[in-house]
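Below is coords_9.txt, holding compact mmCIF, C-alpha atoms.
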# COMPACT_ATOMS: atom_id res chain seq x y z
CA MET F 63 8.97 -7.54 -38.15
CA LYS F 64 11.82 -9.02 -36.13
CA PRO F 65 11.23 -8.65 -32.37
CA THR F 66 13.37 -6.00 -30.68
CA ILE F 67 14.61 -5.85 -27.09
CA SER F 68 14.82 -2.70 -24.98
CA PRO F 69 15.52 -2.10 -21.27
CA VAL F 70 12.78 -1.28 -18.77
CA GLY F 71 14.62 0.08 -15.76
CA ASP F 72 17.49 -2.01 -14.41
CA ARG F 73 15.66 -5.30 -13.90
CA ALA F 74 13.35 -5.86 -16.85
CA ILE F 75 13.29 -5.87 -20.63
CA SER F 76 10.53 -5.35 -23.14
CA ILE F 77 10.44 -7.55 -26.24
CA ASP F 78 8.44 -5.71 -28.90
CA PHE F 79 6.81 -7.78 -31.64
CA GLY F 80 5.18 -4.96 -33.62
CA GLN F 81 2.57 -2.24 -33.29
CA VAL F 82 -0.50 -4.12 -34.51
CA ILE F 83 -3.07 -5.94 -32.37
CA ASP F 84 -3.14 -9.26 -34.18
CA PRO F 85 -3.74 -12.89 -33.10
CA LYS F 86 -0.57 -14.05 -34.89
CA ILE F 87 1.61 -11.56 -33.03
CA ASN F 88 -0.01 -12.51 -29.74
CA ARG F 89 0.56 -16.20 -30.53
CA HIS F 90 4.26 -15.45 -31.19
CA ILE F 91 4.45 -13.76 -27.78
CA ARG F 92 2.91 -16.78 -26.05
CA GLN F 93 5.25 -19.17 -27.88
CA THR F 94 8.20 -17.06 -26.73
CA ILE F 95 6.97 -17.32 -23.14
CA GLU F 96 6.96 -21.12 -23.40
CA ARG F 97 10.48 -21.15 -24.88
CA ILE F 98 11.80 -19.00 -22.05
CA LYS F 99 10.09 -21.24 -19.48
CA GLU F 100 11.72 -24.29 -21.07
CA LEU F 101 15.13 -22.78 -20.27
CA GLN F 102 14.27 -23.15 -16.55
CA LEU F 103 16.37 -20.13 -15.68
CA GLU F 104 16.91 -19.12 -12.09
CA GLY F 105 16.19 -15.46 -11.58
CA ILE F 106 13.40 -14.99 -14.13
CA ILE F 107 10.83 -13.36 -11.88
CA GLU F 108 7.87 -12.83 -14.19
CA LEU F 109 6.82 -12.98 -17.84
CA VAL F 110 4.01 -10.53 -18.67
CA PRO F 111 2.38 -10.62 -22.13
CA THR F 112 0.67 -7.55 -23.57
CA TYR F 113 -1.02 -6.91 -26.93
CA CYS F 114 2.24 -6.56 -28.87
CA ALA F 115 5.06 -7.02 -26.38
CA LEU F 116 6.45 -9.24 -23.62
CA LEU F 117 7.87 -7.89 -20.36
CA VAL F 118 10.59 -10.08 -18.85
CA GLU F 119 11.39 -9.22 -15.23
CA TYR F 120 14.66 -10.68 -13.94
CA ASP F 121 16.95 -10.64 -10.90
CA ALA F 122 19.52 -7.91 -11.57
CA MET F 123 21.86 -9.53 -9.06
CA LEU F 124 22.13 -12.56 -11.37
CA TYR F 125 21.96 -10.99 -14.84
CA SER F 126 23.09 -7.79 -16.48
CA TYR F 127 21.10 -6.31 -19.36
CA SER F 128 23.55 -7.79 -21.89
CA ASP F 129 23.38 -11.19 -20.13
CA ILE F 130 19.62 -11.37 -20.38
CA CYS F 131 19.65 -10.21 -24.02
CA ASN F 132 22.14 -12.95 -24.93
CA ILE F 133 19.91 -15.53 -23.27
CA ILE F 134 16.63 -14.33 -24.79
CA GLU F 135 17.72 -13.54 -28.37
CA PRO F 136 18.09 -17.22 -29.47
CA THR F 137 14.47 -17.87 -28.47
CA LEU F 138 13.40 -15.07 -30.83
CA GLU F 139 15.43 -16.35 -33.76
CA GLU F 140 13.36 -19.56 -33.85
CA GLY F 141 10.37 -17.61 -35.17
CA MET F 142 6.82 -18.92 -34.94
CA THR F 143 6.02 -22.61 -34.98
CA ASP F 144 3.13 -23.95 -37.06
CA THR F 145 -0.12 -23.93 -35.08
CA THR F 146 -2.46 -25.13 -37.83
CA ASN F 147 -3.60 -28.15 -35.82
CA GLU F 148 -3.35 -26.52 -32.40
CA LEU F 149 -6.39 -26.96 -30.15
CA LEU F 150 -7.64 -23.71 -28.65
CA THR F 151 -9.34 -23.37 -25.28
CA VAL F 152 -12.78 -21.71 -25.37
CA VAL F 153 -14.33 -20.91 -21.97
CA GLU F 154 -18.08 -20.28 -21.78
CA VAL F 155 -19.08 -17.26 -19.68
CA PRO F 156 -22.86 -17.35 -19.04
CA THR F 157 -24.25 -13.81 -19.10
CA VAL F 158 -27.56 -12.05 -18.46
CA TYR F 159 -27.99 -9.17 -20.88
CA GLY F 160 -29.92 -5.95 -20.33
CA GLY F 161 -32.22 -4.77 -17.55
CA ASP F 162 -30.58 -4.07 -14.21
CA PHE F 163 -27.74 -6.38 -15.24
CA GLY F 164 -26.93 -4.37 -18.37
CA PRO F 165 -28.09 -0.77 -17.95
CA ASP F 166 -26.30 0.45 -21.08
CA LEU F 167 -27.58 -2.18 -23.51
CA SER F 168 -30.27 0.16 -24.83
CA PHE F 169 -27.72 2.91 -25.50
CA VAL F 170 -25.36 0.51 -27.30
CA ALA F 171 -28.30 -0.61 -29.45
CA SER F 172 -29.50 2.90 -30.31
CA HIS F 173 -25.95 4.16 -30.93
CA ASN F 174 -25.47 1.44 -33.53
CA HIS F 175 -29.02 1.54 -34.97
CA LEU F 176 -29.71 -2.00 -33.79
CA SER F 177 -32.27 -3.67 -31.57
CA GLU F 178 -31.18 -4.91 -28.14
CA ASP F 179 -31.68 -8.50 -29.32
CA GLU F 180 -29.38 -7.85 -32.28
CA VAL F 181 -26.66 -6.50 -29.98
CA VAL F 182 -26.93 -9.59 -27.78
CA SER F 183 -26.83 -11.89 -30.81
CA ILE F 184 -23.75 -10.17 -32.24
CA HIS F 185 -21.92 -9.94 -28.91
CA SER F 186 -22.58 -13.55 -27.93
CA GLY F 187 -21.86 -14.85 -31.44
CA THR F 188 -18.10 -14.33 -31.27
CA ASP F 189 -15.27 -16.19 -29.53
CA TYR F 190 -12.95 -13.52 -28.12
CA LEU F 191 -9.19 -14.01 -27.77
CA VAL F 192 -7.72 -13.10 -24.37
CA TYR F 193 -4.71 -11.00 -25.37
CA MET F 194 -3.65 -10.07 -21.86
CA LEU F 195 -4.76 -9.39 -18.29
CA GLY F 196 -4.40 -6.02 -16.57
CA PHE F 197 -6.07 -2.92 -15.09
CA ILE F 198 -7.25 -4.91 -12.04
CA PRO F 199 -6.46 -8.57 -11.17
CA GLY F 200 -8.27 -10.90 -13.56
CA PHE F 201 -9.49 -8.23 -16.00
CA THR F 202 -9.18 -9.57 -19.54
CA TYR F 203 -8.38 -7.53 -22.64
CA LEU F 204 -10.24 -9.28 -25.44
CA GLY F 205 -9.89 -9.01 -29.20
CA GLY F 206 -12.25 -9.75 -32.05
CA MET F 207 -15.37 -7.75 -31.24
CA ASP F 208 -17.63 -7.03 -34.19
CA PRO F 209 -17.40 -3.28 -35.03
CA ARG F 210 -21.17 -3.19 -35.56
CA ILE F 211 -21.58 -2.92 -31.77
CA ALA F 212 -18.60 -0.63 -31.07
CA THR F 213 -19.60 2.15 -28.66
CA PRO F 214 -17.65 4.97 -26.97
CA ARG F 215 -16.91 4.86 -23.26
CA LEU F 216 -19.20 6.67 -20.84
CA SER F 217 -18.62 10.42 -20.81
CA SER F 218 -18.45 10.22 -17.01
CA PRO F 219 -17.16 6.96 -15.44
CA ARG F 220 -19.17 5.25 -12.73
CA THR F 221 -17.67 5.08 -9.25
CA LEU F 222 -18.80 1.46 -8.84
CA ILE F 223 -19.35 -1.28 -11.39
CA PRO F 224 -20.38 -4.64 -9.89
CA ALA F 225 -18.17 -7.70 -10.25
CA GLY F 226 -19.12 -9.75 -13.30
CA SER F 227 -20.31 -6.79 -15.36
CA VAL F 228 -19.75 -7.23 -19.10
CA GLY F 229 -18.93 -4.04 -20.93
CA ILE F 230 -18.02 -2.43 -24.24
CA ALA F 231 -15.56 0.43 -24.79
CA GLY F 232 -14.79 1.37 -28.37
CA GLU F 233 -14.12 -1.91 -30.19
CA GLN F 234 -13.22 -3.75 -26.98
CA THR F 235 -15.29 -5.90 -24.69
CA GLY F 236 -14.51 -7.49 -21.35
CA THR F 237 -15.68 -8.51 -17.90
CA TYR F 238 -15.03 -6.73 -14.61
CA PRO F 239 -13.73 -9.46 -12.24
CA SER F 240 -14.40 -7.44 -9.08
CA ASP F 241 -16.25 -4.33 -7.93
CA SER F 242 -14.46 -1.40 -9.51
CA PRO F 243 -14.85 2.11 -10.88
CA GLY F 244 -15.05 2.13 -14.67
CA GLY F 245 -16.22 3.87 -17.79
CA TRP F 246 -17.30 1.00 -20.04
CA GLN F 247 -20.84 0.64 -21.37
CA ILE F 248 -22.35 -2.21 -19.29
CA ILE F 249 -24.53 -4.53 -21.38
CA GLY F 250 -24.79 -7.55 -19.07
CA CYS F 251 -23.42 -9.45 -16.10
CA THR F 252 -22.03 -12.93 -15.47
CA PRO F 253 -22.50 -14.83 -12.19
CA VAL F 254 -19.20 -16.64 -12.72
CA THR F 255 -16.36 -15.87 -10.31
CA MET F 256 -13.67 -14.45 -12.59
CA TYR F 257 -10.95 -14.03 -9.95
CA ASP F 258 -10.52 -16.13 -6.79
CA MET F 259 -7.40 -15.72 -4.65
CA SER F 260 -8.09 -19.03 -2.89
CA LYS F 261 -7.36 -20.96 -6.10
CA LYS F 262 -3.92 -21.86 -7.46
CA GLN F 263 -4.86 -20.14 -10.73
CA ALA F 264 -6.63 -17.10 -9.31
CA ALA F 265 -7.80 -15.74 -12.67
CA LEU F 266 -10.35 -17.90 -14.48
CA LEU F 267 -8.93 -16.90 -17.87
CA ARG F 268 -5.38 -16.83 -19.21
CA ALA F 269 -3.76 -15.10 -22.16
CA GLY F 270 -4.39 -17.31 -25.19
CA ASP F 271 -7.79 -18.56 -24.02
CA TYR F 272 -10.96 -17.61 -25.86
CA VAL F 273 -14.15 -16.33 -24.21
CA ARG F 274 -17.63 -17.31 -25.40
CA TYR F 275 -20.43 -15.29 -23.81
CA VAL F 276 -23.58 -17.42 -23.50
CA PRO F 277 -26.94 -15.67 -22.89
CA ILE F 278 -28.86 -16.90 -19.83
CA ASP F 279 -31.94 -15.73 -17.92
CA ASP F 280 -32.25 -14.38 -14.37
CA THR F 281 -33.10 -17.78 -12.89
CA GLU F 282 -29.94 -19.38 -14.27
CA PHE F 283 -27.92 -16.36 -13.15
CA TYR F 284 -28.95 -16.79 -9.52
CA ARG F 285 -28.52 -20.58 -9.67
CA ILE F 286 -24.91 -20.22 -10.84
CA LYS F 287 -24.32 -17.33 -8.43
CA SER F 288 -25.39 -19.51 -5.50
CA LEU F 289 -22.66 -22.02 -6.37
CA GLY F 290 -19.92 -19.41 -6.05
CA SER F 291 -16.43 -20.70 -6.79
CA ALA F 292 -17.79 -24.26 -6.93
CA TYR F 293 -19.26 -23.54 -10.36
CA VAL F 294 -17.18 -25.05 -13.16
CA PRO F 295 -17.55 -23.26 -16.51
CA VAL F 296 -18.00 -25.25 -19.71
CA VAL F 297 -14.72 -25.47 -21.64
CA HIS F 298 -14.28 -26.49 -25.28
CA GLU F 299 -11.12 -27.51 -27.12
CA VAL F 300 -11.53 -26.43 -30.75
CA GLU F 301 -9.47 -25.92 -33.88
CA VAL F 302 -9.00 -22.40 -35.21
CA GLY F 303 -11.50 -23.00 -38.03
CA ASP F 304 -14.21 -23.76 -35.48
CA LEU F 305 -13.98 -20.42 -33.68
CA ARG F 306 -17.18 -18.41 -33.94
CA GLY F 307 -17.90 -14.87 -35.02
CA PHE F 308 -16.26 -11.78 -36.45
CA LYS F 309 -12.86 -12.37 -38.13

Kindly return the structure encoded in the file as structure tokens.
Amino acid sequence: MKPTISPVGDRAISIDFGQVIDPKINRHIRQTIERIKELQLEGIIELVPTYCALLVEYDAMLYSYSDICNIIEPTLEEGMTDTTNELLTVVEVPTVYGGDFGPDLSFVASHNHLSEDEVVSIHSGTDYLVYMLGFIPGFTYLGGMDPRIATPRLSSPRTLIPAGSVGIAGEQTGTYPSDSPGGWQIIGCTPVTMYDMSKKQAALLRAGDYVRYVPIDDTEFYRIKSLGSAYVPVVHEVEVGDLRGFK
């Protein structure tokens, strides 16, 4: 499908790449972002990737809708570049599963006719693509979860979910970067600071990164927690064929 452009109010456009959540489409979106950045245009305020689209916010005092379309369209005509040998960034997120850290692990297991250990093994055995960030600052929307552990949201959302909680909702998984209400099934918690406003890159993860949840015990959780923002997660650079888990 050829990407299409449509207006979003008087100072933004949406570039739609399709209606399917797919790593190739998301890669095309990220390549388009880099091409637009290379133009070094004054007045491009923000580029926001989503699952299947890219929002381009611009200064309406500098560009009309037709102006911005004429600038952006050539970047779309280039199509996707070959990424066969591209190195992908995989960030390890150490996580304690179950118990007080993951009060819904037992329900996820019983719902899917699995043991708790099997849920942990399946969940931590996949590298998850970060498609986009949203909902609250630093919250990642991940793709690639094994459907064997898919579980519906809570029938009644909790008013408070602690920062670092790792949850499942349908066939999605993700980490709450800060204390927040939410309706996901909480299966674990990470001590890693996922969002820190004092850092130049406030969000630990970016669209295009991969997340690898690594099981740890309580002792390691509190050791990492005590380090706060000084903790540096393990990062791997891997080829696409070396990604782990459900395809």

Which residues are close to Asp72 (chain F), i.e. within 9 Å by only C-alpha atoms, leaving aside same-chain residues fewer than 5 positions away? Reply as a PyMOL selection string.
chain F and resi 122+126-127

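Shell of Ala225 (chain F) at 8 Å, with all atoms listed in the file counted and residues fewer than 4 places along the chain excluded, is F:Tyr238, F:Pro239, F:Ser240, F:Asp241, F:Ser242.
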
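Remark: for Gln93 (chain F), the closest of the candidate residues F:Val228, F:Val273, F:Leu195, F:Met142 is F:Met142 (distances computed over only C-alpha atoms).
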
Length of the CA of Pro85 (chain F) to CA of Asp304 (chain F) vector [Å]
15.3 Å

Name the closest residue to Cys114 (chain F) among the candidates F:Thr188, F:Met194, F:Val181, F:Leu149; distances are taken between atoms, counting only C-alpha atoms.
F:Met194

Contact table region 159-260 of chain F vs region 283-287 of chain F, cut-off 9 Å, shortest pair per residue, only C-alpha atoms, as CSV:
residue,atom,partner,partner_atom,distance
F:Cys251,CA,F:Phe283,CA,8.8
F:Thr252,CA,F:Phe283,CA,7.2
F:Pro253,CA,F:Lys287,CA,4.9
F:Val254,CA,F:Lys287,CA,6.7
F:Thr255,CA,F:Lys287,CA,8.3

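Rounded to one decimal, CA of Gly226 (chain F) and CA of Glu108 (chain F) lie 27.2 Å from each other.
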
Using only C-alpha atoms, determine which residues lie at most 12 Å from Tyr203 (chain F), disregarding the query and same-chain residues fewer than 5 positions distant; provide the list as JSON, numbers by chain.
{"F": [83, 111, 112, 113, 190, 191, 192, 193, 194, 195, 196, 197, 198, 228, 229, 230, 231, 233, 234, 235, 236, 237, 238, 239, 267, 268, 269, 270, 271, 272, 273]}

Could those selected residues go to a file with C-alpha atoms, as a PDB file, in the coordinates of the input?
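The result, stored in selection_20.pdb:
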ATOM      1  CA  ILE F  83      -3.070  -5.940 -32.370  1.00  0.00           C
ATOM      2  CA  PRO F 111       2.380 -10.620 -22.130  1.00  0.00           C
ATOM      3  CA  THR F 112       0.670  -7.550 -23.570  1.00  0.00           C
ATOM      4  CA  TYR F 113      -1.020  -6.910 -26.930  1.00  0.00           C
ATOM      5  CA  TYR F 190     -12.950 -13.520 -28.120  1.00  0.00           C
ATOM      6  CA  LEU F 191      -9.190 -14.010 -27.770  1.00  0.00           C
ATOM      7  CA  VAL F 192      -7.720 -13.100 -24.370  1.00  0.00           C
ATOM      8  CA  TYR F 193      -4.710 -11.000 -25.370  1.00  0.00           C
ATOM      9  CA  MET F 194      -3.650 -10.070 -21.860  1.00  0.00           C
ATOM     10  CA  LEU F 195      -4.760  -9.390 -18.290  1.00  0.00           C
ATOM     11  CA  GLY F 196      -4.400  -6.020 -16.570  1.00  0.00           C
ATOM     12  CA  PHE F 197      -6.070  -2.920 -15.090  1.00  0.00           C
ATOM     13  CA  ILE F 198      -7.250  -4.910 -12.040  1.00  0.00           C
ATOM     14  CA  VAL F 228     -19.750  -7.230 -19.100  1.00  0.00           C
ATOM     15  CA  GLY F 229     -18.930  -4.040 -20.930  1.00  0.00           C
ATOM     16  CA  ILE F 230     -18.020  -2.430 -24.240  1.00  0.00           C
ATOM     17  CA  ALA F 231     -15.560   0.430 -24.790  1.00  0.00           C
ATOM     18  CA  GLU F 233     -14.120  -1.910 -30.190  1.00  0.00           C
ATOM     19  CA  GLN F 234     -13.220  -3.750 -26.980  1.00  0.00           C
ATOM     20  CA  THR F 235     -15.290  -5.900 -24.690  1.00  0.00           C
ATOM     21  CA  GLY F 236     -14.510  -7.490 -21.350  1.00  0.00           C
ATOM     22  CA  THR F 237     -15.680  -8.510 -17.900  1.00  0.00           C
ATOM     23  CA  TYR F 238     -15.030  -6.730 -14.610  1.00  0.00           C
ATOM     24  CA  PRO F 239     -13.730  -9.460 -12.240  1.00  0.00           C
ATOM     25  CA  LEU F 267      -8.930 -16.900 -17.870  1.00  0.00           C
ATOM     26  CA  ARG F 268      -5.380 -16.830 -19.210  1.00  0.00           C
ATOM     27  CA  ALA F 269      -3.760 -15.100 -22.160  1.00  0.00           C
ATOM     28  CA  GLY F 270      -4.390 -17.310 -25.190  1.00  0.00           C
ATOM     29  CA  ASP F 271      -7.790 -18.560 -24.020  1.00  0.00           C
ATOM     30  CA  TYR F 272     -10.960 -17.610 -25.860  1.00  0.00           C
ATOM     31  CA  VAL F 273     -14.150 -16.330 -24.210  1.00  0.00           C
TER      32      VAL F 273
END

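In this comparison, which uses all atoms listed in the file, the residue of F:Ile98, F:Ser177, F:Val118, F:Gly307 approaching Asp208 (chain F) most closely is F:Gly307.
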
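The residue that comes closest to Pro277 (chain F), out of F:Tyr159, F:Tyr120, F:Phe169, F:Tyr293 and on the basis of all atoms listed in the file, is F:Tyr159.
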
Residue neighbourhood Arg215 (chain F), 7 Å, only C-alpha atoms, exclusion window fewer than 5 positions, as an MDAnalysis selection string
chainID F and resid 231:232 245:247

What would the file look like if the residues just selected were written as an mmCIF file, in the frame of the given file with C-alpha atoms?
data_model
loop_
_atom_site.group_PDB
_atom_site.id
_atom_site.type_symbol
_atom_site.label_atom_id
_atom_site.label_comp_id
_atom_site.auth_asym_id
_atom_site.auth_seq_id
_atom_site.Cartn_x
_atom_site.Cartn_y
_atom_site.Cartn_z
ATOM 1 C CA ALA F 231 -15.560 0.430 -24.790
ATOM 2 C CA GLY F 232 -14.790 1.370 -28.370
ATOM 3 C CA GLY F 245 -16.220 3.870 -17.790
ATOM 4 C CA TRP F 246 -17.300 1.000 -20.040
ATOM 5 C CA GLN F 247 -20.840 0.640 -21.370
#

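Nearest residue to Met259 (chain F) among F:Pro199, F:Ala74, F:Arg210, F:Arg306 is F:Pro199, counting only C-alpha atoms.
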